[in-house]
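Student: Next comes coords.pdb, PDB, C-alpha atoms:
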```
ATOM      1  CA  MET A   1      73.638 124.536  -4.890
ATOM      2  CA  ALA A   2      75.332 121.850  -6.931
ATOM      3  CA  ASP A   3      74.009 118.305  -6.867
ATOM      4  CA  PRO A   4      76.353 116.451  -4.460
ATOM      5  CA  LYS A   5      76.266 113.448  -6.791
ATOM      6  CA  THR A   6      77.597 115.512  -9.708
ATOM      7  CA  PRO A   7      81.367 116.019  -9.597
ATOM      8  CA  GLU A   8      82.553 119.589 -10.047
ATOM      9  CA  PRO A   9      84.012 120.278 -13.514
ATOM     10  CA  SER A  10      87.443 120.977 -12.026
ATOM     11  CA  ARG A  11      87.452 117.601 -10.292
ATOM     12  CA  ARG A  12      86.342 115.848 -13.452
ATOM     13  CA  SER A  13      89.098 117.617 -15.377
ATOM     14  CA  GLU A  14      91.742 116.637 -12.828
ATOM     15  CA  ARG A  15      90.596 113.001 -12.858
ATOM     16  CA  SER A  16      90.787 113.004 -16.652
ATOM     17  CA  ARG A  17      94.224 114.608 -16.611
ATOM     18  CA  GLN A  18      95.559 112.045 -14.155
ATOM     19  CA  ALA A  19      94.039 109.210 -16.191
ATOM     20  CA  ILE A  20      95.718 110.526 -19.338
ATOM     21  CA  LEU A  21      99.133 110.853 -17.680
ATOM     22  CA  THR A  22      98.864 107.391 -16.158
ATOM     23  CA  ALA A  23      97.847 105.914 -19.497
ATOM     24  CA  ALA A  24     100.791 107.587 -21.239
ATOM     25  CA  VAL A  25     103.329 106.107 -18.827
ATOM     26  CA  GLU A  26     101.754 102.656 -18.983
ATOM     27  CA  LEU A  27     101.637 102.610 -22.759
ATOM     28  CA  VAL A  28     105.204 103.818 -23.213
ATOM     29  CA  GLY A  29     106.249 100.839 -21.131
ATOM     30  CA  GLU A  30     104.013  98.436 -23.036
ATOM     31  CA  VAL A  31     104.436  99.454 -26.676
ATOM     32  CA  GLY A  32     107.334 101.913 -26.714
ATOM     33  CA  TYR A  33     107.276 105.544 -27.727
ATOM     34  CA  ALA A  34     107.411 104.961 -31.491
ATOM     35  CA  ARG A  35     104.151 102.953 -31.453
ATOM     36  CA  LEU A  36     102.428 105.170 -28.904
ATOM     37  CA  THR A  37      99.513 107.207 -30.266
ATOM     38  CA  VAL A  38      97.248 109.871 -28.863
ATOM     39  CA  GLU A  39      94.319 107.629 -29.803
ATOM     40  CA  ALA A  40      95.702 104.804 -27.658
ATOM     41  CA  ILE A  41      96.267 107.149 -24.718
ATOM     42  CA  ALA A  42      92.710 108.455 -25.018
ATOM     43  CA  ALA A  43      91.252 104.958 -25.183
ATOM     44  CA  ARG A  44      93.220 103.777 -22.148
ATOM     45  CA  ALA A  45      92.290 106.895 -20.179
ATOM     46  CA  GLY A  46      88.626 106.726 -21.178
ATOM     47  CA  VAL A  47      88.537 110.201 -22.688
ATOM     48  CA  GLY A  48      88.085 111.629 -26.159
ATOM     49  CA  LYS A  49      91.097 112.406 -28.314
ATOM     50  CA  GLN A  50      89.982 116.031 -28.464
ATOM     51  CA  THR A  51      90.356 116.243 -24.687
ATOM     52  CA  ILE A  52      94.048 115.425 -24.970
ATOM     53  CA  TYR A  53      94.615 117.922 -27.780
ATOM     54  CA  ARG A  54      92.846 120.585 -25.744
ATOM     55  CA  TRP A  55      95.573 120.295 -23.092
ATOM     56  CA  TRP A  56      98.640 119.076 -25.008
ATOM     57  CA  PRO A  57      99.868 119.742 -28.560
ATOM     58  CA  SER A  58     101.466 116.325 -29.117
ATOM     59  CA  LYS A  59     102.065 112.910 -27.616
ATOM     60  CA  GLY A  60     105.572 114.071 -26.663
ATOM     61  CA  ALA A  61     104.085 116.851 -24.535
ATOM     62  CA  VAL A  62     101.798 114.330 -22.810
ATOM     63  CA  VAL A  63     104.716 112.010 -22.043
ATOM     64  CA  LEU A  64     106.756 114.961 -20.742
ATOM     65  CA  ASP A  65     104.034 115.980 -18.293
ATOM     66  CA  ALA A  66     103.577 112.346 -17.296
ATOM     67  CA  PHE A  67     107.293 112.070 -16.598
ATOM     68  CA  VAL A  68     107.314 115.245 -14.510
ATOM     69  CA  GLU A  69     104.319 113.931 -12.548
ATOM     70  CA  LEU A  70     106.028 110.583 -12.042
ATOM     71  CA  SER A  71     109.150 112.355 -10.789
ATOM     72  CA  GLY A  72     107.140 114.207  -8.172
ATOM     73  CA  GLY A  73     107.192 117.602  -9.854
ATOM     74  CA  SER A  74     109.786 119.794 -11.513
ATOM     75  CA  GLN A  75     111.137 121.448  -8.377
ATOM     76  CA  PRO A  76     113.477 119.103  -6.482
ATOM     77  CA  ALA A  77     114.236 119.587  -2.834
ATOM     78  CA  ALA A  78     117.540 121.223  -1.990
ATOM     79  CA  LEU A  79     120.409 118.776  -1.733
ATOM     80  CA  PRO A  80     121.482 117.743   1.752
ATOM     81  CA  ASP A  81     124.284 119.864   3.164
ATOM     82  CA  THR A  82     125.849 117.745   5.876
ATOM     83  CA  GLY A  83     129.208 119.478   5.593
ATOM     84  CA  ASP A  84     130.610 116.382   3.888
ATOM     85  CA  LEU A  85     130.540 117.292   0.207
ATOM     86  CA  LYS A  86     131.724 113.897  -0.991
ATOM     87  CA  ALA A  87     128.986 112.050   0.894
ATOM     88  CA  ASP A  88     126.320 114.492  -0.253
ATOM     89  CA  LEU A  89     127.320 114.159  -3.911
ATOM     90  CA  GLU A  90     127.507 110.385  -3.658
ATOM     91  CA  GLY A  91     123.972 110.409  -2.318
ATOM     92  CA  VAL A  92     122.542 112.485  -5.163
ATOM     93  CA  LEU A  93     124.418 110.610  -7.890
ATOM     94  CA  ARG A  94     123.380 107.236  -6.485
ATOM     95  CA  ALA A  95     119.771 108.452  -6.470
ATOM     96  CA  THR A  96     120.199 109.565 -10.082
ATOM     97  CA  VAL A  97     121.490 106.122 -11.025
ATOM     98  CA  GLN A  98     118.549 104.493  -9.258
ATOM     99  CA  GLU A  99     116.058 106.680 -11.140
ATOM    100  CA  LEU A 100     117.717 106.221 -14.531
ATOM    101  CA  THR A 101     117.693 102.440 -14.156
ATOM    102  CA  ASP A 102     114.144 102.187 -12.772
ATOM    103  CA  PRO A 103     111.952 101.002 -15.690
ATOM    104  CA  ARG A 104     109.141 103.356 -14.632
ATOM    105  CA  PHE A 105     111.464 106.312 -15.233
ATOM    106  CA  GLU A 106     113.838 104.896 -17.822
ATOM    107  CA  LEU A 107     111.288 104.166 -20.550
ATOM    108  CA  PRO A 108     109.623 107.605 -20.679
ATOM    109  CA  SER A 109     112.990 109.301 -20.132
ATOM    110  CA  ARG A 110     114.556 107.520 -23.105
ATOM    111  CA  ALA A 111     111.472 108.294 -25.169
ATOM    112  CA  LEU A 112     111.683 111.995 -24.360
ATOM    113  CA  THR A 113     115.432 112.072 -25.000
ATOM    114  CA  ALA A 114     114.961 110.506 -28.422
ATOM    115  CA  GLU A 115     111.981 112.663 -29.402
ATOM    116  CA  SER A 116     113.804 115.809 -28.285
ATOM    117  CA  GLN A 117     116.406 115.297 -30.992
ATOM    118  CA  ALA A 118     113.786 116.071 -33.644
ATOM    119  CA  ASP A 119     111.560 118.480 -31.687
ATOM    120  CA  ALA A 120     113.389 121.599 -30.510
ATOM    121  CA  ALA A 121     110.392 122.922 -28.591
ATOM    122  CA  LEU A 122     109.962 119.662 -26.692
ATOM    123  CA  ALA A 123     113.709 119.575 -26.016
ATOM    124  CA  GLN A 124     113.548 123.020 -24.418
ATOM    125  CA  GLN A 125     110.551 122.010 -22.312
ATOM    126  CA  PHE A 126     112.342 118.821 -21.232
ATOM    127  CA  VAL A 127     115.406 120.795 -20.172
ATOM    128  CA  GLU A 128     113.438 123.431 -18.286
ATOM    129  CA  ALA A 129     110.916 121.112 -16.618
ATOM    130  CA  VAL A 130     113.073 118.077 -15.866
ATOM    131  CA  LEU A 131     116.802 118.660 -16.162
ATOM    132  CA  ARG A 132     117.570 122.238 -15.207
ATOM    133  CA  PRO A 133     115.948 122.234 -11.735
ATOM    134  CA  HIS A 134     118.039 119.210 -10.724
ATOM    135  CA  LEU A 135     121.236 120.652 -12.201
ATOM    136  CA  LYS A 136     120.623 123.908 -10.336
ATOM    137  CA  ALA A 137     120.169 122.011  -7.059
ATOM    138  CA  ILE A 138     123.573 120.354  -7.500
ATOM    139  CA  GLN A 139     125.102 123.693  -8.465
ATOM    140  CA  GLU A 140     123.806 125.322  -5.280
ATOM    141  CA  ARG A 141     125.323 122.542  -3.180
ATOM    142  CA  LEU A 142     128.666 123.113  -4.905
ATOM    143  CA  ARG A 143     128.328 126.847  -4.337
ATOM    144  CA  SER A 144     127.875 126.220  -0.616
ATOM    145  CA  ALA A 145     130.960 124.000  -0.646
ATOM    146  CA  GLN A 146     132.896 126.694  -2.491
ATOM    147  CA  ARG A 147     132.003 129.234   0.187
ATOM    148  CA  ALA A 148     133.177 126.728   2.806
ATOM    149  CA  GLY A 149     136.531 126.306   1.048
ATOM    150  CA  GLN A 150     135.830 122.738  -0.138
ATOM    151  CA  VAL A 151     135.758 123.706  -3.820
ATOM    152  CA  ALA A 152     138.455 125.865  -5.381
ATOM    153  CA  LYS A 153     137.710 129.521  -5.972
ATOM    154  CA  GLY A 154     137.154 130.416  -9.593
ATOM    155  CA  VAL A 155     135.733 127.011 -10.544
ATOM    156  CA  ASP A 156     132.925 127.315 -13.099
ATOM    157  CA  LEU A 157     130.136 125.614 -11.176
ATOM    158  CA  GLU A 158     128.009 124.936 -14.249
ATOM    159  CA  VAL A 159     130.892 122.966 -15.758
ATOM    160  CA  ALA A 160     131.496 121.291 -12.394
ATOM    161  CA  VAL A 161     127.902 120.011 -12.423
ATOM    162  CA  GLU A 162     128.477 118.590 -15.893
ATOM    163  CA  LEU A 163     131.613 116.826 -14.630
ATOM    164  CA  LEU A 164     129.361 115.015 -12.158
ATOM    165  CA  VAL A 165     126.232 114.184 -14.141
ATOM    166  CA  GLY A 166     127.670 114.046 -17.663
ATOM    167  CA  PRO A 167     129.354 110.648 -17.241
ATOM    168  CA  LEU A 168     126.180 109.118 -15.826
ATOM    169  CA  PHE A 169     124.042 110.248 -18.748
ATOM    170  CA  HIS A 170     126.721 109.255 -21.259
ATOM    171  CA  ARG A 171     126.855 105.700 -19.909
ATOM    172  CA  TRP A 172     123.064 105.518 -19.592
ATOM    173  CA  LEU A 173     122.304 106.927 -23.036
ATOM    174  CA  LEU A 174     124.898 104.946 -25.006
ATOM    175  CA  ARG A 175     124.791 101.801 -22.816
ATOM    176  CA  THR A 176     128.584 101.626 -22.898
ATOM    177  CA  ALA A 177     128.723  99.826 -19.544
ATOM    178  CA  PRO A 178     126.500  99.084 -16.542
ATOM    179  CA  LEU A 179     125.288 102.152 -14.665
ATOM    180  CA  THR A 180     125.827 101.378 -10.984
ATOM    181  CA  SER A 181     126.176 103.076  -7.622
ATOM    182  CA  ALA A 182     129.849 102.076  -7.596
ATOM    183  CA  TYR A 183     130.327 103.944 -10.858
ATOM    184  CA  ALA A 184     128.601 106.990  -9.369
ATOM    185  CA  ASP A 185     130.989 106.916  -6.418
ATOM    186  CA  THR A 186     133.964 106.748  -8.809
ATOM    187  CA  VAL A 187     132.682 109.771 -10.715
ATOM    188  CA  VAL A 188     132.354 111.705  -7.451
ATOM    189  CA  ALA A 189     135.889 110.764  -6.384
ATOM    190  CA  LEU A 190     137.379 111.929  -9.685
ATOM    191  CA  ALA A 191     135.328 115.135  -9.693
ATOM    192  CA  MET A 192     136.332 115.907  -6.114
ATOM    193  CA  ALA A 193     139.994 115.511  -7.038
ATOM    194  CA  ALA A 194     139.535 118.078  -9.809
ATOM    195  CA  LEU A 195     137.443 120.544  -7.806
ATOM    196  CA  ARG A 196     139.153 120.693  -4.434
ATOM    197  CA  PRO A 197     141.386 123.672  -3.628
ATOM    198  CA  PRO A 198     145.116 123.254  -4.224
ATOM    199  CA  PRO A 199     147.260 122.554  -1.162
ATOM    200  CA  LYS A 200     148.286 125.658   0.748
ATOM    201  CA  GLY A 201     151.574 127.130  -0.347
ATOM    202  CA  ARG A 202     151.058 126.211  -3.998
TER     203      ARG A 202
END
```
Please rewrite the model in this file as structure tokens.

Tutor:
Amino acid sequence: MADPKTPEPSRRSERSRQAILTAAVELVGEVGYARLTVEAIAARAGVGKQTIYRWWPSKGAVVLDAFVELSGGSQPAALPDTGDLKADLEGVLRATVQELTDPRFELPSRALTAESQADAALAQQFVEAVLRPHLKAIQERLRSAQRAGQVAKGVDLEVAVELLVGPLFHRWLLRTAPLTSAYADTVVALAMAALRPPPKGR
């Protein structure tokens, strides 16, 4: 029987993992991604550098997992389906704006976006773990609306999703103008005008 005062190895490992992910997020906010090092993460987390490299191949991979953890996991809940497509899309785009402009999310997200330009493997992981699940959730809500006759038949739903989220990420990434809930509502209104079925008789 194990000594009750000695933590199980799995619990020790999980505590170390959480400490590493927390340290990565904190340090990205404090020093930026360019100055972030695995050594600094290890020191902040109170673990050896070899522990980090045993679980992650690079600092980018650590920051990616930290971001996924911060976001509550890679599998988002299904979008609300109230029957009012416009209201449902406004809700999800406003939430996206709120997350993109929250410093806790914005700093690691910008870091991952920048690092992904030079690291194809990290870019693919970022897409699969962070972006694609959320895009699929929006696509499924549009598919439901299409079945209900609120979105025109034949619309490419993958492109329709990009019509909704693309402008938000463009404004956020390039800082061309403030990213606000009002802007999100405008994007929804314009997308709805493009996606709705044509009037009967036409």

Student: With 3 Å on each side, where is the centre of the axis-aligned box around all listed atoms of range 49-67 of chain A, and how long are its edges in Å to one decimal, as AutoDock Vina command-line options?

Tutor:
```
--center_x 98.6 --center_y 116.3 --center_z -22.9 --size_x 23.3 --size_y 14.6 --size_z 18.5
```

Student: Sorted by chain and rising residue number, which residues of range 99-193 of chain A lie within 9 Å of range 64-73 of chain A, and what are their closest atom pairs and distances in Å to one decimal, counting all atoms listed in the file, as JSON lines?

Tutor:
```
{"residue": "A:Glu99", "atom": "CA", "partner": "A:Ser71", "partner_atom": "CA", "distance": 8.9}
{"residue": "A:Arg104", "atom": "CA", "partner": "A:Leu70", "partner_atom": "CA", "distance": 8.3}
{"residue": "A:Phe105", "atom": "CA", "partner": "A:Phe67", "partner_atom": "CA", "distance": 7.2}
{"residue": "A:Pro108", "atom": "CA", "partner": "A:Phe67", "partner_atom": "CA", "distance": 6.5}
{"residue": "A:Ser109", "atom": "CA", "partner": "A:Phe67", "partner_atom": "CA", "distance": 7.3}
{"residue": "A:Leu112", "atom": "CA", "partner": "A:Leu64", "partner_atom": "CA", "distance": 6.8}
{"residue": "A:Leu122", "atom": "CA", "partner": "A:Leu64", "partner_atom": "CA", "distance": 8.2}
{"residue": "A:Gln125", "atom": "CA", "partner": "A:Leu64", "partner_atom": "CA", "distance": 8.2}
{"residue": "A:Phe126", "atom": "CA", "partner": "A:Leu64", "partner_atom": "CA", "distance": 6.8}
{"residue": "A:Ala129", "atom": "CA", "partner": "A:Val68", "partner_atom": "CA", "distance": 7.2}
{"residue": "A:Val130", "atom": "CA", "partner": "A:Val68", "partner_atom": "CA", "distance": 6.6}
```

Student: Evaluated on this file, the PyMOL selection byres ((chain A and resi 34-36) around 10) picks out some residues - which ones are they, written as a list in words?

Tutor: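 Written out, the selection comes to Ala24, Leu27, Val28, Gly29, Glu30, Val31, Gly32, Tyr33, Thr37, Val38, Glu39, Ala40, Ile41, Lys59, Gly60, Val63, Ala111, Ala114 and Glu115 of chain A.
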
Student: Spell out the residues picked by the PyMOL selection byres ((chain A and resi 47-54) around 12) here, as a ChimeraX atom specification.

Tutor: /A:12-21,23-24,37-46,55-63

Student: Decode the PyMOL selection byres ((chain A and resi 183-187) around 9) for the given file into explicit residues and return them as a list in words.

Tutor: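 Written out, the selection comes to Lys86, Leu89, Glu90, Gly91, Leu93, Arg94, Thr96, Val97, Leu163, Leu164, Val165, Pro167, Leu168, Pro178, Leu179, Thr180, Ser181, Ala182, Val188, Ala189, Leu190, Ala191 and Met192 of chain A.
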
Student: One decimal, in Å: what's the spacing between CA of Val155 in chain A and CA of Val92 in chain A?

Tutor: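 Atom-to-atom, CA of Val155 in chain A to CA of Val92 in chain A, that is 20.3 Å.
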
Student: To one decimal place, how far is CA of Arg196 in chain A from CA of His134 in chain A in Å?

Tutor: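 CA of Arg196 in chain A sits 22.1 Å away from CA of His134 in chain A.
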
Student: Could you jot down the CA of Val161 in chain A to CA of Arg132 in chain A separation for me, Å, one decimal place?

Tutor: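 Atom-to-atom, CA of Val161 in chain A and CA of Arg132 in chain A are spaced 10.9 Å apart.
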
Student: Pick out the closest residue to Arg141 in chain A from this set: A:Ala160, A:Ala120, A:Ala95, A:Leu107. Count only C-alpha atoms.

Tutor: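 Smallest separation from Arg141 in chain A among the options: A:Ala160.
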
Student: Between A:Val127, A:Ala137, A:Val25, A:Ala118, which has the minimum distance to Pro80 in chain A (counting only C-alpha atoms)?

Tutor: A:Ala137

Student: Considering all atoms listed in the file, can you say which of A:Ala87, A:Ala145, A:Leu135, A:Ala152 comes closest to Ala194 in chain A?

Tutor: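 Selected residue with least distance to Ala194 in chain A: A:Ala152.
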
Student: Between A:Glu26, A:Ser116, A:Pro199, A:Trp172, which one has atoms that come closest to Thr101 in chain A, using all atoms listed in the file?

Tutor: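 Comparing A:Glu26, A:Ser116, A:Pro199, A:Trp172 against Thr101 in chain A, the winner is A:Trp172.
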
Student: Missing atoms in range 25-36 of chain A need filling: write out all heavy atoms for it as a tab-separated table (two decimals), in the coordinates of the input.

Tutor:
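This is the output file selection_13.tsv:
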```
chain	number	residue	atom	x	y	z
A	25	VAL	N	102.20	106.83	-19.41
A	25	VAL	CA	103.33	106.11	-18.83
A	25	VAL	C	103.18	104.61	-19.04
A	25	VAL	O	104.14	103.91	-19.41
A	25	VAL	CB	103.46	106.43	-17.32
A	25	VAL	CG1	104.48	105.51	-16.65
A	25	VAL	CG2	103.87	107.88	-17.13
A	26	GLU	N	101.99	104.09	-18.81
A	26	GLU	CA	101.75	102.66	-18.98
A	26	GLU	C	102.02	102.22	-20.42
A	26	GLU	O	102.66	101.19	-20.68
A	26	GLU	CB	100.32	102.31	-18.59
A	26	GLU	CG	100.04	102.43	-17.09
A	26	GLU	CD	98.58	102.21	-16.75
A	26	GLU	OE1	97.74	102.14	-17.68
A	26	GLU	OE2	98.26	102.11	-15.54
A	27	LEU	N	101.53	103.01	-21.36
A	27	LEU	CA	101.64	102.61	-22.76
A	27	LEU	C	103.06	102.75	-23.29
A	27	LEU	O	103.49	101.95	-24.14
A	27	LEU	CB	100.67	103.43	-23.61
A	27	LEU	CG	99.20	103.05	-23.43
A	27	LEU	CD1	98.28	104.10	-24.05
A	27	LEU	CD2	98.93	101.68	-24.06
A	28	VAL	N	103.79	103.73	-22.82
A	28	VAL	CA	105.20	103.82	-23.21
A	28	VAL	C	105.94	102.55	-22.80
A	28	VAL	O	106.75	102.00	-23.55
A	28	VAL	CB	105.88	105.06	-22.60
A	28	VAL	CG1	107.39	104.97	-22.71
A	28	VAL	CG2	105.41	106.32	-23.30
A	29	GLY	N	105.63	102.07	-21.60
A	29	GLY	CA	106.25	100.84	-21.13
A	29	GLY	C	105.81	99.61	-21.90
A	29	GLY	O	106.59	98.67	-22.08
A	30	GLU	N	104.56	99.62	-22.36
A	30	GLU	CA	104.01	98.44	-23.04
A	30	GLU	C	104.35	98.36	-24.52
A	30	GLU	O	104.68	97.29	-25.04
A	30	GLU	CB	102.49	98.42	-22.87
A	30	GLU	CG	102.03	98.19	-21.44
A	30	GLU	CD	100.53	98.37	-21.28
A	30	GLU	OE1	99.81	98.38	-22.31
A	30	GLU	OE2	100.07	98.52	-20.13
A	31	VAL	N	104.26	99.49	-25.22
A	31	VAL	CA	104.44	99.45	-26.68
A	31	VAL	C	105.61	100.27	-27.17
A	31	VAL	O	105.96	100.20	-28.36
A	31	VAL	CB	103.15	99.94	-27.39
A	31	VAL	CG1	101.95	99.13	-26.94
A	31	VAL	CG2	102.89	101.43	-27.15
A	32	GLY	N	106.24	101.05	-26.28
A	32	GLY	CA	107.33	101.91	-26.71
A	32	GLY	C	106.82	103.23	-27.26
A	32	GLY	O	105.65	103.36	-27.65
A	33	TYR	N	107.71	104.21	-27.32
A	33	TYR	CA	107.28	105.54	-27.73
A	33	TYR	C	106.89	105.59	-29.20
A	33	TYR	O	105.92	106.24	-29.58
A	33	TYR	CB	108.39	106.56	-27.45
A	33	TYR	CG	107.97	107.98	-27.77
A	33	TYR	CD1	107.22	108.71	-26.87
A	33	TYR	CD2	108.31	108.57	-28.98
A	33	TYR	CE1	106.81	110.01	-27.15
A	33	TYR	CE2	107.91	109.86	-29.28
A	33	TYR	CZ	107.16	110.57	-28.36
A	33	TYR	OH	106.76	111.84	-28.66
A	34	ALA	N	107.65	104.89	-30.05
A	34	ALA	CA	107.41	104.96	-31.49
A	34	ALA	C	106.00	104.50	-31.85
A	34	ALA	O	105.38	105.04	-32.78
A	34	ALA	CB	108.45	104.14	-32.24
A	35	ARG	N	105.48	103.50	-31.14
A	35	ARG	CA	104.15	102.95	-31.45
A	35	ARG	C	103.05	103.60	-30.62
A	35	ARG	O	101.87	103.29	-30.81
A	35	ARG	CB	104.15	101.44	-31.24
A	35	ARG	CG	105.09	100.69	-32.17
A	35	ARG	CD	105.16	99.21	-31.83
A	35	ARG	NE	103.84	98.57	-31.92
A	35	ARG	CZ	103.58	97.35	-31.48
A	35	ARG	NH1	104.55	96.64	-30.92
A	35	ARG	NH2	102.37	96.85	-31.60
A	36	LEU	N	103.42	104.48	-29.73
A	36	LEU	CA	102.43	105.17	-28.90
A	36	LEU	C	101.66	106.17	-29.75
A	36	LEU	O	102.24	106.89	-30.57
A	36	LEU	CB	103.13	105.90	-27.75
A	36	LEU	CG	102.26	106.71	-26.80
A	36	LEU	CD1	101.37	105.79	-25.99
A	36	LEU	CD2	103.14	107.56	-25.88
```
